[in-house]
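Report on the following structure.
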Amino acid sequence: MISGLYEGQDGDSRLALRVDVDGPRPAGRVSGDLFTVAGSTTSYAGSFVVGSPVVRAEGDETRVEGRGAFTFDSPAEDVSVAITGQGATAALAGRVFPLAFTSPYFRSVLLEQDSVAGAVPFVSYGTGSLPAPSGSPARTLSVVAAYAEAGVELTLAPPGVIPVDGAGADLAWDDAELHHAMTQQFSRYADAPAWRVWLLVASRHVGGYRGIMFDYDDAHQRQGSAVFYEEIKGTTPQAQRAQLRTYMHELGHAFNLLHSWQKDLAVPPQPLGPEGGFGDLSWMNYVQNYRPGGEPGYWAAFPFQFTDPELVHLRHGFYRDVAMGANAFGTGAAEVVPFEPPVEDHSGLRLELRAKEAFELGEPVVVELKLAVTGEPRGTHGHLHPDTEFTQVSITQPGGRTVLYRPMMRHCVDTSPRIRLDDGNPAMYRSAYIGHGRDGHYFQQPGEYRVRAQYIAADGSRIVSPPCVVRVRLPVSADDHAVAELMLGEEQGKLFSLLGSDSTALRAGNQALDELLDRYGSHPLAVYARLVKGLNAERGFKALTADRRLHVRPPDPEQGIEHLSRVARQDGVDNITLNLVLRRLARAEARQGDLARAEAVMDRMVALFAAKGVNPIVMGQITRQAELTKSALAAES
């Protein structure tokens, strides 16, 4: 057996390496955390994971090798570990680390457990005391032993007794009191990430809870949990079993594990298990909600362990996604697998994603989706844009996490018009802004991202694109940094998603874009602020007032022309967006009463794309589009 924790140092860089390829419930991974040592201080530098390493025995040496996903820009992606009876070496990120085996556990956490007077802490439960599934061996489980089975070592600090002053005469605790108690009583509490957690055995909570991970409303979350003795007390096997589950469950939240049925709400989201997550046999499920069978069904089948994805998170999640006090609750709380191509594909369709060579930090990331026929003519639907349920986009970030792009607005499509793809119409195209969605900005740091899309065709076929590399560059100048900050606000992201808005709820975002244009109007990224401002001005805006009256702001073609004409003259936006800009510019000119200028804009659009070398079939579509736009504007005039 070679699995466990190895540690070593190369110069000023220290490595904690986790090898997990044999032993109990191997996850088939190698992962590690890197730290920089300077004098008497140690700082976190980054993490990596190898998802499917190759293991080979060569004499008395075992080699474990594979491609790693890093949270930082590594000069090399390959990771190689050589293990012998005398020790190990690891080659990664351009360095070679001599390592020593230090523990059979993958992570070690200090648990400081305190209790109030009268609240008796849980000790252990014999899993054979009550009927259990045949595949789950009878054993005595304490909280320490149960986490040890997951590969996590809990080291207990000396327990203490918490004074009840300030908790109220009835000894009922609320969240604010619990957090204050943690700052006062948790001897190792700090506003910094660390492998340490405080568990309070309290009397009861004002909300009547059995337990709670209460530290979730500040910058350093998941450091404090509590269980409430009055709700779980008892010495019967049933009570002891319930106490074990409650302790495990609340500490699981401190490790950034969500409830079984809420994992799709994590960042990144994780596919739910059976029955929408309620069928998970996990410490993180609610026994009374288990399906099928409720509480009796749960205990009849529960093997007293975490699920496989939860095990991977506990052992191999990136440092900041797991360590207490690092990433916020629900961030990085699960592993999501990027879309994988089907093993057989006879759909006759091919999906591609395209992006420009590189984006500046803060620049709206737009990709082009292309669905093409590969042989005989095929019929499908035209819902290729990811704001519908038929196309989804996954984004693997530089740190290795894969998130699902979730649009700010999801459109319900009750009808699906058929599209025929053949020699005369071999492909359809859509442009999608995927830089921001329901989860905020997806490209907030420089580095290399891998983006894939999945299209569900009319016959149910799942067409998966090859990965598209999206590169986000580091800011170079002070202006670049300032512009990036003005572009990456939450409200600005919503404005890009909505292509502008008059909403007072987005006033700060509009003010930031105004500031960008005022102070950095010549910066290349100013084109996107003008795009949003121009499209919003060119259209009308309806708003319901507080007294439920409808206010209509009419189009402002003059301001629309001012912004959109500059967008049309400036490089930056993709072809499909440019097509939209030119058609909206033509409409603004027509609304100003100058139909000739509107028609000239459409003629310019055709000439512009012809000069770009657009393929003849698409060029024919653009030409027809220009003529239809001219006819529509003439009719409106």
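As shown in the structure tokens, the chain order sets the letters A, B, ...; within each chain, residues go from 1, and ligands are also counted from 1 in the order they appear.
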
Can you pull out every residue within 9 Å of Arg584 in chain A, counting only C-alpha atoms, but drop anything in the same chain fewer than 4 positions away, and send it as a PyMOL selection string?
chain A and resi 535+538-539+560-561+564+579-580+588-589

At a cut-off of 9 Å, using only C-alpha atoms, what residues contact Gly572 in chain A? Leave out same-chain residues fewer than 3 positions from it and give the result as a short mmCIF file (atom, residue, chain, number, x, y, z; two decimals) with N, CA, C and O atoms, in the first residue's frame.
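Below is the file that was written, selection-v3.cif:
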```
data_model
loop_
_atom_site.label_atom_id
_atom_site.label_comp_id
_atom_site.auth_asym_id
_atom_site.auth_seq_id
_atom_site.Cartn_x
_atom_site.Cartn_y
_atom_site.Cartn_z
N PRO A 524 -9.26 50.11 -25.31
CA PRO A 524 -9.95 49.14 -26.18
C PRO A 524 -11.21 48.54 -25.57
O PRO A 524 -12.17 48.25 -26.30
N LEU A 525 -11.26 48.35 -24.25
CA LEU A 525 -12.44 47.74 -23.64
C LEU A 525 -13.60 48.71 -23.53
O LEU A 525 -14.72 48.29 -23.20
N VAL A 527 -15.18 49.85 -25.84
CA VAL A 527 -16.14 49.48 -26.87
C VAL A 527 -17.32 48.70 -26.27
O VAL A 527 -18.46 48.83 -26.73
N TYR A 528 -17.07 47.94 -25.21
CA TYR A 528 -18.15 47.15 -24.62
C TYR A 528 -19.10 48.02 -23.81
O TYR A 528 -20.31 47.77 -23.76
N VAL A 567 -18.89 51.82 -31.97
CA VAL A 567 -18.67 50.38 -31.86
C VAL A 567 -18.41 49.78 -33.23
O VAL A 567 -17.52 48.94 -33.41
#
```

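Picture a line from CA of Lys370 in chain A to CA of Tyr429 in chain A; it runs 4.6 Å.
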
Just want the 6 Å neighbourhood of range 478-494 of chain A, counted on only C-alpha atoms, with same-chain residues fewer than 6 positions away dropped. Output as a ChimeraX atom specification.
/A:361-362,436,506,509,512

Could those selected residues go to a file with N, CA, C and O atoms, as a short mmCIF file (atom, residue, chain, number, x, y, z; two decimals), in the first residue's frame?
```cif
data_model
loop_
_atom_site.label_atom_id
_atom_site.label_comp_id
_atom_site.auth_asym_id
_atom_site.auth_seq_id
_atom_site.Cartn_x
_atom_site.Cartn_y
_atom_site.Cartn_z
N LEU A 361 -8.29 40.97 -19.19
CA LEU A 361 -8.99 40.79 -17.93
C LEU A 361 -10.11 41.83 -17.84
O LEU A 361 -9.87 43.03 -17.98
N GLY A 362 -11.32 41.36 -17.60
CA GLY A 362 -12.48 42.23 -17.54
C GLY A 362 -13.26 42.29 -18.84
O GLY A 362 -14.40 42.76 -18.85
N HIS A 436 -20.66 36.13 -17.68
CA HIS A 436 -21.38 36.38 -16.43
C HIS A 436 -22.71 35.65 -16.49
O HIS A 436 -23.34 35.52 -17.54
N LEU A 506 -29.60 48.61 -11.01
CA LEU A 506 -28.30 48.49 -11.67
C LEU A 506 -27.66 49.86 -11.86
O LEU A 506 -26.80 50.03 -12.73
N GLY A 509 -23.85 49.93 -11.60
CA GLY A 509 -23.20 49.36 -12.77
C GLY A 509 -23.16 50.34 -13.92
O GLY A 509 -22.13 50.47 -14.60
N ALA A 512 -20.54 52.92 -13.22
CA ALA A 512 -19.19 52.42 -13.47
C ALA A 512 -18.86 52.47 -14.96
O ALA A 512 -17.74 52.84 -15.35
#
```

So that I can check the surroundings of Asp502 in chain A, please list as a count of residues only every protein, DNA and RNA residue that reaches within 10 Å of it, counting only C-alpha atoms and ignoring chain neighbours fewer than 2 positions away.
15

Please report, as a VMD selection string, each residue of range 380-617 of chain A to which DSSP assigns strand (DSSP E) when run on this structure's backbone.
chain A and resid 380 to 381 391 to 396 402 to 404 418 to 421 427 to 433 436 to 437 440 to 441 447 to 456 462 to 464 468 to 473 541 to 544 550 to 553

Please provide as a list of chain:residue names all residues within 12 Å of Gly46 in chain A, with the sequence filter that same-chain residues fewer than 3 positions apart are discarded (counting only C-alpha atoms).
A:Ser13, A:Arg14, A:Leu15, A:Ala16, A:Ser31, A:Gly32, A:Asp33, A:Leu34, A:Phe35, A:Thr36, A:Ser43, A:Val49, A:Ala69, A:Phe70, A:Thr71, A:Phe72, A:Asp73, A:Ser74, A:Ala93, A:Gly317, A:Phe318, A:Tyr319, A:Arg320, A:Asp321, A:Pro398, A:Gly399, A:Gly400

Using only C-alpha atoms, which protein or nucleic acid residues come within 8 Å of range 108-122 of chain A? Drop anything in the same chain fewer than 4 positions from it, and give the result as a ChimeraX atom specification.
/A:152-164,186,195-203,229-230,233,240,243-244

With only C-alpha atoms as the counted atoms, please give the residues lying no more than 12 Å from Leu595 in chain A, apart from itself and same-chain residues fewer than 2 positions off, as an MDAnalysis selection string.
chainID A and resid 585:593 597:602 629:637

As a ChimeraX atom specification, list the residues of range 433-621 of chain A assigned to alpha helix (DSSP H) by DSSP on the backbone atoms of this structure.
/A:478-487,490-498,507-520,526-538,557-569,575-591,595-611,616-621

Per-residue nearest contacts of range 355-465 of chain A to range 262-286 of chain A (12 Å; only C-alpha atoms) as a Markdown table:
```
| residue | atom | partner | partner_atom | distance |
| --- | --- | --- | --- | --- |
| A:Ser394 | CA | A:Pro268 | CA | 9.9 |
| A:Ile395 | CA | A:Pro268 | CA | 9.6 |
| A:Thr396 | CA | A:Pro268 | CA | 9.9 |
| A:Gln397 | CA | A:Pro268 | CA | 10.3 |
| A:Gly400 | CA | A:Pro268 | CA | 11.0 |
| A:Arg401 | CA | A:Pro268 | CA | 7.2 |
| A:Thr402 | CA | A:Pro268 | CA | 6.5 |
| A:Val403 | CA | A:Pro268 | CA | 4.5 |
| A:Leu404 | CA | A:Pro269 | CA | 6.6 |
| A:Tyr405 | CA | A:Pro268 | CA | 9.2 |
| A:Arg406 | CA | A:Pro269 | CA | 9.7 |
| A:Gly437 | CA | A:Val267 | CA | 11.9 |
| A:Arg438 | CA | A:Val267 | CA | 10.3 |
| A:Asp439 | CA | A:Val267 | CA | 7.2 |
| A:Gly440 | CA | A:Val267 | CA | 9.9 |
| A:His441 | CA | A:Val267 | CA | 11.4 |
| A:Tyr442 | CA | A:Pro268 | CA | 10.2 |
```

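With CA of Arg315 in chain A on one side and CA of Ala146 in chain A on the other, the separation reads 14.1 Å.
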
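Atom to atom, CA of Met428 in chain A and CA of Gly382 in chain A stand 8.0 Å apart.
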
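Closest approach to Ala148 in chain A from the set A:Val123, A:Met248, A:Gly234, A:Leu171 is made by A:Met248, with distances taken over only C-alpha atoms.
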